[in-house]
file query.cif (mmCIF, C-alpha atoms)
data_coords
loop_
_atom_site.label_atom_id
_atom_site.label_comp_id
_atom_site.auth_asym_id
_atom_site.auth_seq_id
_atom_site.Cartn_x
_atom_site.Cartn_y
_atom_site.Cartn_z
CA MET A 1 88.89 64.94 188.20
CA SER A 2 89.87 68.40 189.38
CA PHE A 3 91.79 69.32 192.50
CA GLY A 4 88.66 70.93 193.92
CA THR A 5 86.67 67.71 193.78
CA ILE A 6 89.42 65.77 195.53
CA PHE A 7 89.66 68.48 198.18
CA ALA A 8 85.89 68.29 198.70
CA ILE A 9 86.09 64.51 199.10
CA LEU A 10 88.90 64.86 201.64
CA VAL A 11 87.15 67.51 203.73
CA GLY A 12 83.92 65.53 203.53
CA VAL A 13 85.40 62.32 204.81
CA ILE A 14 87.75 63.83 207.43
CA PHE A 15 85.42 66.39 209.04
CA VAL A 16 81.81 66.20 207.88
CA ASN A 17 81.36 62.44 207.72
CA ASN A 18 84.17 61.44 210.05
CA PHE A 19 84.33 57.65 210.21
CA VAL A 20 84.21 57.49 213.98
CA PHE A 21 82.00 60.44 214.91
CA ALA A 22 79.42 60.35 212.15
CA ARG A 23 79.50 56.84 210.69
CA PHE A 24 80.31 54.74 213.79
CA LEU A 25 83.02 52.72 212.06
CA GLY A 26 86.11 51.29 213.74
CA LEU A 27 84.89 51.72 217.31
CA CYS A 28 86.81 48.71 218.68
CA PRO A 29 90.31 50.12 218.05
CA TYR A 30 88.93 53.57 218.85
CA LEU A 31 88.23 52.42 222.40
CA GLY A 32 90.92 49.76 222.68
CA VAL A 33 94.05 51.57 221.48
CA THR A 34 93.46 55.11 222.76
CA LYS A 35 94.87 54.72 226.26
CA ASP A 36 98.03 56.64 225.29
CA THR A 37 98.82 59.00 222.44
CA SER A 38 101.83 57.19 220.98
CA SER A 39 99.97 53.94 220.33
CA ALA A 40 96.98 55.90 218.99
CA ILE A 41 99.27 57.55 216.44
CA GLY A 42 100.84 54.19 215.51
CA MET A 43 97.44 52.60 214.99
CA GLY A 44 96.26 55.62 213.03
CA MET A 45 99.22 55.48 210.66
CA ALA A 46 98.69 51.77 210.08
CA VAL A 47 95.01 52.40 209.33
CA ILE A 48 95.79 55.21 206.83
CA PHE A 49 98.23 52.90 205.07
CA VAL A 50 95.89 49.89 204.89
CA MET A 51 92.81 51.95 203.94
CA THR A 52 94.63 53.58 201.02
CA MET A 53 95.95 50.21 199.86
CA ALA A 54 92.51 48.61 200.24
CA SER A 55 90.94 51.37 198.10
CA ILE A 56 93.65 50.92 195.45
CA VAL A 57 93.02 47.17 195.29
CA THR A 58 89.26 46.79 195.69
CA TRP A 59 88.17 49.24 192.96
CA PRO A 60 89.79 47.31 190.07
CA LEU A 61 88.70 44.05 191.70
CA TYR A 62 85.07 45.17 191.61
CA ARG A 63 85.24 46.83 188.20
CA TYR A 64 87.10 44.15 186.24
CA PHE A 65 86.92 40.82 188.09
CA LEU A 66 83.46 40.95 189.61
CA ALA A 67 82.21 43.00 186.63
CA PRO A 68 78.83 44.39 187.71
CA ASN A 69 75.95 43.87 185.26
CA VAL A 70 77.67 40.86 183.67
CA LEU A 71 75.92 37.56 184.18
CA VAL A 72 77.97 34.39 184.58
CA GLU A 73 75.69 31.34 184.24
CA GLY A 74 72.75 33.47 185.35
CA LEU A 75 74.54 34.86 188.41
CA GLU A 76 75.73 38.41 188.86
CA LEU A 77 79.11 37.87 190.53
CA ALA A 78 79.32 41.45 191.78
CA ARG A 79 76.24 40.88 193.96
CA VAL A 80 77.03 37.40 195.19
CA LEU A 81 80.77 37.63 195.80
CA ARG A 82 81.34 41.28 196.74
CA THR A 83 81.50 40.90 200.52
CA THR A 84 83.36 37.57 200.49
CA SER A 85 85.98 38.65 197.96
CA PHE A 86 86.54 42.02 199.63
CA ILE A 87 87.15 40.59 203.08
CA LEU A 88 89.47 37.90 201.74
CA VAL A 89 91.44 40.37 199.64
CA ILE A 90 91.76 42.78 202.57
CA ALA A 91 92.87 39.99 204.91
CA SER A 92 95.56 38.79 202.51
CA LEU A 93 96.60 42.37 201.75
CA VAL A 94 97.22 43.02 205.44
CA GLN A 95 99.20 39.79 205.72
CA PHE A 96 101.23 40.75 202.64
CA ILE A 97 101.94 44.27 203.91
CA GLU A 98 103.10 42.79 207.18
CA MET A 99 105.57 40.45 205.46
CA LEU A 100 106.76 43.15 203.07
CA LEU A 101 107.37 45.67 205.85
CA GLN A 102 109.29 43.11 207.85
CA LYS A 103 111.70 42.57 204.94
CA VAL A 104 111.94 46.07 203.47
CA ASN A 105 111.62 48.44 206.39
CA PRO A 106 112.17 46.78 209.78
CA ALA A 107 112.02 50.13 211.61
CA LEU A 108 108.54 50.88 210.28
CA TYR A 109 107.53 47.29 210.93
CA LYS A 110 108.56 47.68 214.55
CA ALA A 111 106.39 50.80 214.85
CA LEU A 112 103.28 49.50 213.06
CA GLY A 113 103.74 45.72 213.22
CA ILE A 114 101.71 44.98 216.33
CA TYR A 115 98.71 46.91 214.99
CA LEU A 116 98.55 45.21 211.61
CA PRO A 117 97.03 41.83 212.62
CA ILE A 118 94.09 43.45 214.44
CA ILE A 119 93.34 45.69 211.46
CA THR A 120 91.78 42.88 209.41
CA THR A 121 88.71 42.74 211.61
CA ASN A 122 88.48 46.53 211.85
CA CYS A 123 85.14 47.29 210.26
CA ALA A 124 86.38 50.67 209.02
CA ILE A 125 88.60 49.01 206.40
CA LEU A 126 85.87 46.90 204.83
CA GLY A 127 83.59 49.88 205.39
CA VAL A 128 85.70 52.18 203.23
CA ALA A 129 85.91 49.56 200.47
CA VAL A 130 82.13 49.10 200.37
CA LEU A 131 81.56 52.86 200.71
CA ASN A 132 83.78 53.50 197.68
CA ILE A 133 81.63 51.15 195.62
CA ASP A 134 78.44 52.78 196.92
CA THR A 135 79.57 56.34 196.16
CA PHE A 136 81.54 55.94 192.96
CA PHE A 137 79.46 53.38 191.05
CA LYS A 138 75.99 54.10 189.74
CA ASP A 139 73.97 51.09 188.56
CA GLY A 140 77.19 49.13 188.24
CA LYS A 141 78.92 51.73 186.08
CA PRO A 142 81.88 53.73 187.42
CA LEU A 143 81.39 57.49 187.58
CA PRO A 144 84.06 59.63 185.84
CA GLY A 145 87.25 59.93 187.87
CA SER A 146 86.00 57.35 190.32
CA TYR A 147 89.29 55.47 190.78
CA LEU A 148 91.19 58.57 191.90
CA GLY A 149 88.18 59.61 193.97
CA SER A 150 88.02 56.31 195.79
CA ILE A 151 91.73 56.41 196.58
CA ALA A 152 91.27 59.95 197.96
CA GLN A 153 88.31 58.76 200.01
CA GLY A 154 90.31 55.83 201.39
CA PHE A 155 93.23 58.06 202.37
CA GLY A 156 90.95 60.74 203.83
CA ALA A 157 89.00 58.20 205.85
CA GLY A 158 92.26 57.03 207.38
CA VAL A 159 93.28 60.60 208.21
CA GLY A 160 89.90 61.28 209.79
CA PHE A 161 90.17 58.11 211.84
CA THR A 162 93.67 59.08 213.02
CA LEU A 163 92.43 62.53 213.98
CA ALA A 164 89.69 60.97 216.08
CA MET A 165 92.18 58.56 217.70
CA ILE A 166 94.62 61.35 218.62
CA LEU A 167 91.86 63.59 220.02
CA MET A 168 90.46 60.75 222.10
CA SER A 169 93.80 59.56 223.44
CA SER A 170 94.79 63.04 224.59
CA VAL A 171 91.54 63.40 226.47
CA ARG A 172 91.83 59.93 227.99
CA GLU A 173 95.37 60.61 229.22
CA ARG A 174 93.98 63.57 231.14
CA MET A 175 91.02 61.58 232.42
CA GLU A 176 93.35 59.20 234.26
CA MET A 177 93.69 61.86 236.97
CA ALA A 178 90.04 62.90 236.99
CA ASN A 179 87.62 61.82 239.66
CA ILE A 180 85.01 59.83 237.73
CA PRO A 181 82.06 57.98 239.30
CA LYS A 182 83.00 54.32 239.68
CA ALA A 183 80.24 52.98 237.44
CA LEU A 184 81.32 55.22 234.55
CA GLN A 185 85.05 54.47 234.66
CA GLY A 186 86.66 53.00 231.55
CA VAL A 187 84.53 52.43 228.47
CA PRO A 188 81.31 54.23 229.54
CA ILE A 189 83.04 57.58 230.15
CA ALA A 190 84.97 57.13 226.89
CA PHE A 191 81.63 56.90 225.07
CA VAL A 192 80.28 59.99 226.79
CA THR A 193 83.47 61.85 225.80
CA ALA A 194 83.08 60.62 222.23
CA GLY A 195 79.52 61.92 222.28
CA LEU A 196 80.70 65.40 223.24
CA MET A 197 83.41 65.33 220.55
CA SER A 198 80.88 64.13 218.02
CA MET A 199 78.73 67.14 218.94
CA GLY A 200 81.69 69.34 218.05
CA PHE A 201 82.11 67.57 214.73
CA LEU A 202 78.42 68.11 214.06
CA GLY A 203 79.38 71.75 213.57
CA PHE A 204 81.11 70.80 210.32
CA SER A 205 77.90 69.46 208.77
CA GLY A 206 76.69 71.63 205.94
CA LEU A 207 80.27 72.43 204.94
CA ILE A 208 79.93 70.04 202.00
CA LYS A 209 76.61 69.42 200.40
CA MET B 1 70.15 22.06 232.79
CA ARG B 2 73.62 22.99 231.45
CA LYS B 3 72.14 23.69 228.01
CA TRP B 4 69.83 26.22 229.57
CA GLN B 5 72.85 27.96 231.11
CA ILE B 6 74.49 28.29 227.67
CA LEU B 7 71.37 29.89 226.26
CA LYS B 8 70.96 32.25 229.20
CA SER B 9 74.57 33.39 229.51
CA GLY B 10 74.51 35.46 226.31
CA LEU B 11 71.34 37.24 227.33
CA PHE B 12 72.43 38.85 230.58
CA LYS B 13 75.60 37.62 232.27
CA ASN B 14 77.73 37.82 229.12
CA ASN B 15 75.63 40.27 227.16
CA PRO B 16 77.81 40.95 224.09
CA VAL B 17 77.10 44.68 224.00
CA PHE B 18 76.83 45.86 227.59
CA ILE B 19 79.21 43.42 229.30
CA LEU B 20 81.68 42.24 226.65
CA TYR B 21 81.69 45.53 224.66
CA LEU B 22 81.60 43.68 221.31
CA GLY B 23 79.95 44.62 218.02
CA LEU B 24 79.37 48.21 219.00
CA CYS B 25 79.51 49.81 215.55
CA PRO B 26 76.21 48.39 214.21
CA VAL B 27 74.56 48.91 217.60
CA LEU B 28 75.22 52.64 217.54
CA ALA B 29 74.54 53.08 213.84
CA THR B 30 71.25 51.22 213.49
CA SER B 31 69.53 52.16 216.73
CA THR B 32 67.81 55.30 215.46
CA SER B 33 64.47 53.48 215.34
CA ILE B 34 63.13 50.28 216.86
CA ARG B 35 62.34 48.87 213.41
CA ASP B 36 65.91 49.27 212.12
CA GLY B 37 67.37 48.01 215.38
CA PHE B 38 65.20 44.90 215.32
CA GLY B 39 66.09 44.25 211.66
CA MET B 40 69.79 44.50 212.43
CA GLY B 41 69.45 42.23 215.45
CA VAL B 42 67.61 39.54 213.50
CA ALA B 43 70.08 39.73 210.59
CA ALA B 44 73.07 39.37 212.92
CA THR B 45 71.38 36.55 214.86
CA PHE B 46 70.76 34.66 211.62
CA VAL B 47 74.42 34.98 210.58
CA LEU B 48 75.55 33.98 214.07
CA LEU B 49 73.33 30.88 214.05
CA GLY B 50 74.49 29.81 210.60
CA SER B 51 78.17 30.37 211.23
CA ASN B 52 78.16 28.76 214.68
CA VAL B 53 76.38 25.63 213.42
CA ILE B 54 78.57 25.21 210.32
CA VAL B 55 81.84 25.99 212.13
CA SER B 56 80.95 23.50 214.85
CA ALA B 57 79.97 20.86 212.28
CA ILE B 58 83.24 21.12 210.37
CA ARG B 59 85.48 21.81 213.37
CA GLY B 60 87.25 18.45 212.95
CA VAL B 61 88.25 19.16 209.33
CA ILE B 62 89.52 22.72 209.64
CA PRO B 63 93.32 22.84 209.93
CA ARG B 64 94.26 24.74 213.07
CA ARG B 65 96.57 27.23 211.42
CA ALA B 66 94.10 28.22 208.69
CA ARG B 67 91.06 28.41 210.95
CA ILE B 68 90.46 32.19 210.88
CA PRO B 69 90.21 32.42 207.05
CA CYS B 70 87.89 29.39 207.09
CA PHE B 71 85.64 31.04 209.68
CA ILE B 72 85.58 34.27 207.66
CA VAL B 73 84.50 32.45 204.49
CA VAL B 74 81.68 30.69 206.37
CA ILE B 75 80.52 33.97 207.93
CA ALA B 76 80.75 35.84 204.62
CA THR B 77 78.55 33.22 202.97
CA PHE B 78 75.75 33.79 205.45
CA VAL B 79 76.17 37.55 205.23
CA THR B 80 75.73 37.31 201.45
CA ILE B 81 72.52 35.33 201.97
CA VAL B 82 71.21 38.08 204.26
CA GLU B 83 72.30 40.80 201.81
CA LEU B 84 70.51 39.21 198.87
CA PHE B 85 67.42 38.43 200.95
CA LEU B 86 67.12 42.01 202.24
CA ALA B 87 67.70 43.49 198.78
CA ALA B 88 64.99 41.27 197.30
CA TYR B 89 62.27 41.31 199.96
CA LEU B 90 62.89 44.24 202.34
CA PRO B 91 64.39 47.01 200.20
CA LYS B 92 63.35 49.74 202.65
CA LEU B 93 65.08 48.13 205.61
CA ASN B 94 68.06 47.34 203.38
CA LYS B 95 68.37 51.01 202.53
CA SER B 96 68.24 52.23 206.11
CA LEU B 97 70.74 49.62 207.34
CA GLY B 98 72.90 50.39 204.30
CA LEU B 99 76.62 49.84 204.82
CA PHE B 100 76.08 47.82 207.97
CA VAL B 101 74.60 44.76 206.24
CA PRO B 102 77.87 43.74 204.51
CA LEU B 103 79.73 44.83 207.64
CA ILE B 104 78.11 42.04 209.69
CA VAL B 105 81.02 40.00 208.33
CA VAL B 106 83.50 41.89 210.54
CA ASN B 107 81.19 42.04 213.56
CA CYS B 108 83.49 40.94 216.39
CA ILE B 109 80.75 38.92 218.17
CA ILE B 110 80.42 36.44 215.32
CA LEU B 111 84.12 35.69 214.85
CA TYR B 112 84.58 35.65 218.63
CA ARG B 113 81.86 33.02 219.15
CA ALA B 114 83.18 30.93 216.24
CA GLU B 115 86.70 31.01 217.68
CA SER B 116 85.98 30.64 221.36
CA PHE B 117 82.82 28.50 221.40
CA ALA B 118 81.73 26.83 218.16
CA SER B 119 85.18 25.46 217.29
CA LYS B 120 85.28 23.59 220.61
CA ASN B 121 81.69 22.49 221.26
CA SER B 122 78.98 20.27 219.78
CA VAL B 123 76.60 21.48 217.10
CA PHE B 124 73.61 21.68 219.43
CA SER B 125 75.47 23.62 222.13
CA SER B 126 76.79 26.01 219.48
CA PHE B 127 73.28 26.50 218.18
CA LEU B 128 72.06 27.41 221.68
CA ASP B 129 75.05 29.67 222.25
CA ALA B 130 74.36 31.52 219.00
CA LEU B 131 70.70 31.87 219.94
CA GLY B 132 71.58 33.32 223.36
CA MET B 133 74.22 35.68 222.03
CA GLY B 134 71.99 36.76 219.15
CA PHE B 135 69.08 37.46 221.51
CA GLY B 136 71.40 39.36 223.84
CA PHE B 137 72.60 41.48 220.94
CA THR B 138 69.06 42.12 219.73
CA LEU B 139 67.91 42.96 223.24
CA ALA B 140 70.68 45.53 223.65
CA LEU B 141 69.85 47.03 220.26
CA LEU B 142 66.15 47.23 221.13
CA LEU B 143 66.89 48.88 224.47
CA LEU B 144 69.09 51.52 222.86
CA ALA B 145 66.65 52.04 220.00
CA PHE B 146 63.76 52.37 222.47
CA VAL B 147 65.53 55.14 224.36
CA ARG B 148 66.69 56.93 221.22
CA GLU B 149 63.44 56.71 219.29
CA SER B 150 61.22 57.74 222.17
CA LEU B 151 63.41 60.68 223.24
CA GLY B 152 64.71 61.73 219.83
CA LYS B 153 61.59 61.35 217.71
CA GLY B 154 58.89 61.17 220.35
CA THR B 155 57.54 58.02 218.71
CA LEU B 156 57.49 54.26 219.25
CA LEU B 157 57.44 52.10 216.12
CA GLY B 158 56.28 55.20 214.27
CA TYR B 159 53.36 56.02 216.60
CA LYS B 160 53.33 59.29 218.49
CA LEU B 161 53.83 58.75 222.22
CA ILE B 162 52.83 61.88 224.12
CA PRO B 163 51.02 64.69 222.31
CA GLY B 164 52.82 67.99 222.62
CA PHE B 165 56.18 66.39 223.55
CA GLU B 166 59.01 68.20 221.78
CA PRO B 167 61.59 65.52 220.86
CA ALA B 168 65.30 66.17 221.49
CA VAL B 169 66.71 65.71 218.01
CA ILE B 170 70.29 65.40 219.31
CA ILE B 171 69.49 61.88 220.58
CA ILE B 172 68.81 60.72 217.00
CA LEU B 173 71.98 62.37 215.70
CA PRO B 174 75.37 60.61 216.17
CA PRO B 175 76.28 62.36 219.48
CA GLY B 176 73.08 61.03 221.05
CA ALA B 177 74.10 57.46 220.23
CA PHE B 178 77.42 57.85 222.03
CA LEU B 179 75.88 59.56 225.05
CA THR B 180 73.03 57.06 225.37
CA ILE B 181 75.21 53.96 225.20
CA GLY B 182 77.77 55.47 227.59
CA LEU B 183 75.12 56.23 230.18
CA LEU B 184 73.39 52.85 229.71
CA MET B 185 76.72 51.04 230.21
CA GLY B 186 77.28 53.12 233.31
CA PHE B 187 73.83 52.14 234.56
CA PHE B 188 74.51 48.42 234.05
CA ASN B 189 77.89 48.73 235.79
CA TRP B 190 76.22 50.46 238.70
CA ARG B 191 73.58 47.72 238.93
CA LYS B 192 76.21 44.97 238.73
CA ASN B 193 78.29 46.42 241.57
CA ARG B 194 75.44 47.64 243.73
CA GLY B 195 75.33 44.85 246.29
CA LYS B 196 79.08 44.29 246.31
CA THR B 197 80.44 47.46 247.89
CA VAL B 198 81.56 46.63 251.40
CA LYS B 199 82.59 49.38 253.74
CA CYS B 200 86.19 48.93 254.89
CA ASP B 201 86.13 50.98 258.02
#

call {"tool": "encode", "arguments": {"input": "query.cif", "output": "structure tokens"}}
result
Amino acid sequence: MSFGTIFAILVGVIFVNNFVFARFLGLCPYLGVTKDTSSAIGMGMAVIFVMTMASIVTWPLYRYFLAPNVLVEGLELARVLRTTSFILVIASLVQFIEMLLQKVNPALYKALGIYLPIITTNCAILGVAVLNIDTFFKDGKPLPGSYLGSIAQGFGAGVGFTLAMILMSSVRERMEMANIPKALQGVPIAFVTAGLMSMGFLGFSGLIK
Amino acid sequence: MRKWQILKSGLFKNNPVFILYLGLCPVLATSTSIRDGFGMGVAATFVLLGSNVIVSAIRGVIPRRARIPCFIVVIATFVTIVELFLAAYLPKLNKSLGLFVPLIVVNCIILYRAESFASKNSVFSSFLDALGMGFGFTLALLLLAFVRESLGKGTLLGYKLIPGFEPAVIIILPPGAFLTIGLLMGFFNWRKNRGKTVKCD
């Protein structure tokens, strides 16, 4: 897998198909944790970390343990157990990262710790794992260079999500002072703002075919 | 009479989408046409019904500290049923819902109802609660899909609405989803607070 392909995957997932603005993934933290920039950055970093780890773990899990196209007693495990095994693996991974950080790097744990528990139910994490399988497997067979590609896609998705979080939090900090109609205050105006940002991101479409 | 209240609460007073702001990702992503929106709503309602009933039935056996993983396994089972069913019988719908079928498993509404209602109430009440919440979710999806399909494609369920009407494509694209739901939420807030404003002076 060449550098160019990886670069294309990164640009594609950060700008063209941004997880928040084009795919509608991870909207709960996007609205919940963007009231100030510092917590948006903390959440973003935690998401980059967990998404990359999830991509590293779920690809081999799908390829070797669930083994698409292999029948076990007439059942194709990859079809029946994909969702269940992915969500369980991601949940335990998050728990494990939390414990590891606490022991190894308490400073980092202090910065990211509070965001880790709510990441499990962030649909963007499971989303990136399923998306990797959808893009890098064809008829149950991995495409060449797919492991590296899926890790790049996981990392890039996290970066794109963080970018969206930082953009949104900076706008929301300004909006605190603005005079907004009462009915639109809070979440509704945040959605309208996201719509305008999404329009900007629409300009990137066509960059990658 | 109380049972009726449980059923009704999810529809309007505690509408999961417009009042509780839960499960927004699939709502925005699958509301480009009424058909997709309805499919998503029914799929999520089915999972909600199954998980609420099972969680409520086994609520005495689940150890308190391991309850969230137990809920997730129950929910994932029903999501797998939906996935396999859609792939086998409705491949077209499955394709347009795409990623969001497996993602029902992390839909906040379902885990939230399991945790805050089904794990504390009887099976029948949980069934009604799931039905109300599921209908509320579907209703919100249909409303959004109605606005987006009619303005963005100029059609309803695939039929042309007004001849000569030039649809605003932006409503079908991602920005339109954000704008539409923001304005609809604003509208519901305005309606909720309309009678309450009392002049101070």

call {"tool": "atom_distance", "arguments": {"input": "query.cif", "atom1": "atom CA of Phe65 of chain A", "atom2": "atom CA of Gln95 of chain A"}}
result
21.5 Å

call {"tool": "interface_residues", "arguments": {"input": "query.cif", "of": "chain B", "to": "chain A", "cutoff": "10 Å", "atoms": "all atoms listed in the file", "output": "PyMOL selection string"}}
result
chain B and resi 18+21-30+69+72-81+83-84+98-108+111+170+173-194

call {"tool": "residues_near_point", "arguments": {"input": "query.cif", "point": "(80.1, 31.6, 222.2)", "cutoff": "8 Å", "atoms": "all atoms listed in the file", "output": "JSON, numbers by chain"}}
result
{"B": [10, 112, 113, 114, 116, 117, 118, 126, 129, 130, 133]}

call {"tool": "resolve_selection", "arguments": {"input": "query.cif", "expression": "the PyMOL selection byres ((chain B and resi 119) around 12)", "output": "number ranges by chain"}}
result
B: 51-64, 67-68, 70-71, 111-118, 120-123, 125-127

call {"tool": "resolve_selection", "arguments": {"input": "query.cif", "expression": "the PyMOL selection byres ((chain A and resi 67) around 12)", "output": "number ranges by chain"}}
result
A: 59-66, 68-72, 75-82, 137, 139-142

call {"tool": "closest_residue", "arguments": {"input": "query.cif", "among": "A:Thr34, A:Ser55, A:Gln102, A:Asn179", "to": "Ser146 of chain A", "atoms": "all atoms listed in the file"}}
result
A:Ser55

call {"tool": "residues_around", "arguments": {"input": "query.cif", "residues": "segment 33-39 of chain B", "least_positions_apart": "3", "cutoff": "9 Å", "atoms": "all atoms listed in the file", "output": "VMD selection string"}}
result
chain B and resid 26 to 27 29 to 30 42 to 44 93 96 to 97 138 to 139 141 to 146 148 to 150 153 155 to 158 172
